[in-house]
Amino acid sequence: MRPFAYASPRTADEIIALLTPGSAGADGASRPLAGGTDLLTLMKADVATPSRLVDIKRAGLPKGIEETPPGLVVGGLTTLAQIETHPAVRARYPALAEATAVAATAQLRNVATVAGNLLQRPRCWYFRNPRIACWLKGGDHCPARDGENQLHAILGGGPCHAVHPSDVAPALVALDADARLRGPGGERTVPVEGLFAAPEGGRRRETLVGSDELLLALRLPPADGSRSTYLKSMDRKVWAFALAGVAARLRLDGRRVAEARIVLGGVAPVPWRAHEAERALEGAEAGPAAWDRAANAALTGAAPLRHNAYKLPLARALVRRALESLAT
Ligand SMILES: Cc1cc2nc3c(=O)[nH]c(=O)nc-3n(C[C@H](O)[C@H](O)[C@H](O)COP(=O)(O)OP(=O)(O)OC[C@H]3O[C@@H](n4cnc5c(N)ncnc54)[C@H](O)[C@@H]3O)c2cc1C
Ligand code: SF4
């Protein structure tokens with residue numbers, strides 16, 4: 001690991017000043033440090049090389065879960081373990097409880113924060129190899145495109161074909177959560193879906209969160225009679241990233257689907273909102289015919305690479321199973 005400086009500010013303003021290029025004390029290459037489970041791994045592998053870590057855990061930033069009836073606010077520093085076990089999350093937002101419970105391992109979930117989970121970098125094996133200057137790291141091509149791409153994107157890929165690794169992000173998108181951010185210009189609130197964009201052109205990152213912004217908190221709107229779930233397929237039972245995942249939310253009016261959200265994980269560079277599947281569901285009568293239509297529509301536009309076509313039937317099956325479970 002390369003040498004780096006360390007700061008532990010006591011206020012959000014001090015953190016932001018250290019992250020903002022050109023402000024007093026800033027060096028332009030500082031990164032916020034939360035649980036460190038992703039950032040420190042990348043630094044040990046010499047893939048991330050910040051000159052300073054700005055520890056954000058002692059500045060009084062939102063941490064923990066606050067019930068603000070009828071919704072819920074989850075601080076950015078809340079650990080995945082706190083979310084997974086919280087009674088209100090389990091009762092009203094099961095997709096979020098289930099997604100956190102299947103992420104990583106129990107030990108990691110005790111330190112991994114929800115903000116860090118959303119902002120973790122891709123798990124692409126070329127990206128994580130310090131000897132490979134792939135496109136996302138500033139190189140001129142993506143070796144995964146014609147190389148080993150078993151775990152890569154089947155939707156929305158190119159120029160980078162890595163998948164977004166978070167289980168939690170699809171759940172938050174399906175629950176219509178908002179994110180509160182703070183940067184040098186003040187605070188802004190955006191839908192969680194708006195935190196992500198496939199890397200392109202000069203933006204070789206998967207997030208639209210500025211490098212001088214802090215993700216303060218997430219706000220979940222009222223569940224409003226919705227049911228939700230998160231299903232994940234892995235190549236072993238625990239401690240694996242999603243080969244495919246689906247967060248589904250349905251609000252039924254009698255036997256009719258009044259509202260639907262289908263968000264896929266592990267198949268695209270961002271949590272993938274399956275708009276065609278949602279359209280196929282809304283207004284439809286709940287039942288196997290609607291679930292089949294939605295499962296097929298969810299993969300509209302899929303373009304598998306040489307080694308990952310298996311993700312198509314996998315993702316379809318997860319969508320079907322998730323919908324069945326919500327309507328019974
Ligand atoms: C072995 C292993 C298995 C894993 N398996 C899974 C899995 O199955 N599913 C899954 O979803 N995840 C998985 N993960 C990822 C894990 O959940 C993340 O590493 C963790 O949530 C990151 O949180 P952290 O607090 O440790 O973030 P850090 O490592 O501290 O930070 C991660 C990134 O977010 C930035 N950051 C952190 N907090 C903020 C903030 N508040 N505002 C702005 N920027 C911030 C940091 O600067 C850094 O760029 C796994 C990780 C490991 C190591
Ligand atoms: S998929 Fe993305 S991260 Fe992986 S090698 Fe290609 S450009 Fe790099």
# chains A, B, ... in the order shown; residues from 1 in each chain; ligands from 1
call {"tool": "residues_near_ligand", "arguments": {"ligand": "ligand 1", "cutoff": "8 Å", "atoms": "only C-alpha atoms and all ligand atoms", "output": "number ranges by chain"}}
result
A: 31-41, 56, 76-77, 79-80, 99-100, 102-105, 108-109, 111-121, 165-169, 181, 209, 211-217, 238-242
call {"tool": "residues_around", "arguments": {"residues": "region 268-283 of chain A", "least_positions_apart": "2", "cutoff": "6 Å", "atoms": "only C-alpha atoms", "output": "ChimeraX atom specification"}}
result
/A:153,155-156,162-164,170,196,198,256-265,294,297-298
call {"tool": "residues_near_ligand", "arguments": {"ligand": "ligand 2", "cutoff": "9 Å", "atoms": "only C-alpha atoms and all ligand atoms", "output": "PyMOL selection string"}}
result
chain A and resi 121-128+132-145+147+149+152-153+157-163+199+204+269
call {"tool": "select_by_dssp", "arguments": {"residues": "region 78-214 of chain A", "states": "helix (DSSP H, G or I)", "output": "VMD selection string"}}
result
chain A and resid 80 to 85 87 to 92 94 to 101 106 to 111 114 to 118 135 to 137 168 to 174 192 to 195
call {"tool": "atom_distance", "arguments": {"atom1": "CA of Leu231 (chain A)", "atom2": "CA of Ile154 (chain A)"}}
result
18.1 Å
call {"tool": "residues_around", "arguments": {"residues": "Gly64 (chain A)", "least_positions_apart": "4", "cutoff": "7 Å", "atoms": "only C-alpha atoms", "output": "VMD selection string"}}
result
chain A and resid 74 to 75 78
call {"tool": "residues_around", "arguments": {"residues": "Gly194 (chain A)", "least_positions_apart": "6", "cutoff": "9 Å", "atoms": "only C-alpha atoms", "output": "PyMOL selection string"}}
result
chain A and resi 178-179+207-208
call {"tool": "residues_around", "arguments": {"residues": "Leu220 (chain A)", "least_positions_apart": "5", "cutoff": "9 Å", "atoms": "only C-alpha atoms", "output": "list in words"}}
result
Gly71, Leu72, Val73, Val74, Tyr93, Leu172, Leu175, Asp176, Ala177 and Asp178 of chain A
call {"tool": "residues_around", "arguments": {"residues": "Arg320 (chain A)", "least_positions_apart": "5", "cutoff": "9 Å", "atoms": "only C-alpha atoms", "output": "list of chain:residue names"}}
result
A:Pro288, A:Trp291, A:Asp292, A:Ala294, A:Ala295, A:Ala315, A:Ser325
call {"tool": "write_last_selection", "arguments": {"atoms": "all heavy atoms", "output": "JSON list (two decimals), in the first residue's frame"}}
result
[["chain", "number", "residue", "atom", "x", "y", "z"],
["A", 288, "PRO", "N", -49.99, -15.87, -13.19],
["A", 288, "PRO", "CA", -48.85, -16.40, -13.94],
["A", 288, "PRO", "C", -48.67, -15.77, -15.32],
["A", 288, "PRO", "O", -47.53, -15.56, -15.75],
["A", 288, "PRO", "CB", -49.18, -17.89, -14.07],
["A", 288, "PRO", "CG", -50.16, -18.17, -12.98],
["A", 288, "PRO", "CD", -50.89, -16.90, -12.68],
["A", 291, "TRP", "N", -46.97, -12.50, -14.82],
["A", 291, "TRP", "CA", -45.58, -12.67, -14.35],
["A", 291, "TRP", "C", -44.68, -13.10, -15.53],
["A", 291, "TRP", "O", -43.56, -12.63, -15.66],
["A", 291, "TRP", "CB", -45.47, -13.70, -13.23],
["A", 291, "TRP", "CG", -46.43, -13.60, -12.07],
["A", 291, "TRP", "CD1", -46.86, -14.62, -11.29],
["A", 291, "TRP", "CD2", -47.06, -12.42, -11.54],
["A", 291, "TRP", "NE1", -47.73, -14.16, -10.33],
["A", 291, "TRP", "CE2", -47.87, -12.82, -10.45],
["A", 291, "TRP", "CE3", -47.05, -11.06, -11.90],
["A", 291, "TRP", "CZ2", -48.64, -11.91, -9.71],
["A", 291, "TRP", "CZ3", -47.82, -10.16, -11.15],
["A", 291, "TRP", "CH2", -48.59, -10.59, -10.08],
["A", 292, "ASP", "N", -45.20, -13.98, -16.38],
["A", 292, "ASP", "CA", -44.41, -14.42, -17.54],
["A", 292, "ASP", "C", -44.12, -13.25, -18.49],
["A", 292, "ASP", "O", -42.99, -13.09, -18.97],
["A", 292, "ASP", "CB", -45.17, -15.51, -18.31],
["A", 292, "ASP", "CG", -44.96, -16.87, -17.67],
["A", 292, "ASP", "OD1", -44.03, -17.00, -16.85],
["A", 292, "ASP", "OD2", -45.74, -17.80, -17.98],
["A", 294, "ALA", "N", -44.04, -10.12, -17.77],
["A", 294, "ALA", "CA", -43.09, -9.19, -17.13],
["A", 294, "ALA", "C", -41.67, -9.75, -17.16],
["A", 294, "ALA", "O", -40.70, -9.03, -17.42],
["A", 294, "ALA", "CB", -43.52, -8.91, -15.69],
["A", 295, "ALA", "N", -41.54, -11.06, -16.89],
["A", 295, "ALA", "CA", -40.20, -11.67, -16.85],
["A", 295, "ALA", "C", -39.53, -11.55, -18.22],
["A", 295, "ALA", "O", -38.33, -11.25, -18.32],
["A", 295, "ALA", "CB", -40.32, -13.13, -16.42],
["A", 315, "ALA", "N", -32.14, -14.37, -14.79],
["A", 315, "ALA", "CA", -32.84, -13.14, -14.39],
["A", 315, "ALA", "C", -34.35, -13.27, -14.62],
["A", 315, "ALA", "O", -35.15, -12.84, -13.78],
["A", 315, "ALA", "CB", -32.28, -11.95, -15.16],
["A", 325, "SER", "N", -44.10, -14.59, -5.45],
["A", 325, "SER", "CA", -44.05, -14.53, -3.98],
["A", 325, "SER", "C", -44.79, -13.30, -3.44],
["A", 325, "SER", "O", -45.31, -13.32, -2.34],
["A", 325, "SER", "CB", -42.60, -14.53, -3.49],
["A", 325, "SER", "OG", -42.02, -13.26, -3.67]]
call {"tool": "residues_around", "arguments": {"residues": "Arg255 (chain A)", "least_positions_apart": "4", "cutoff": "12 Å", "atoms": "only C-alpha atoms", "output": "PyMOL selection string"}}
result
chain A and resi 250-251+259+281-287+290+326-328
call {"tool": "closest_residue", "arguments": {"among": "A:Gly60, A:Gly254, A:Pro191, A:Gly201", "to": "Arg219 (chain A)", "atoms": "only C-alpha atoms"}}
result
A:Pro191
call {"tool": "closest_residue", "arguments": {"among": "A:Arg188, A:Arg205, A:Arg249, A:Lys232", "to": "Ala174 (chain A)", "atoms": "only C-alpha atoms"}}
result
A:Arg249
call {"tool": "select_by_dssp", "arguments": {"residues": "region 171-290 of chain A", "states": "strand (DSSP E)", "output": "number ranges by chain"}}
result
A: 178-183, 186-191, 214-220, 227-233, 244-253, 256-265, 272-273
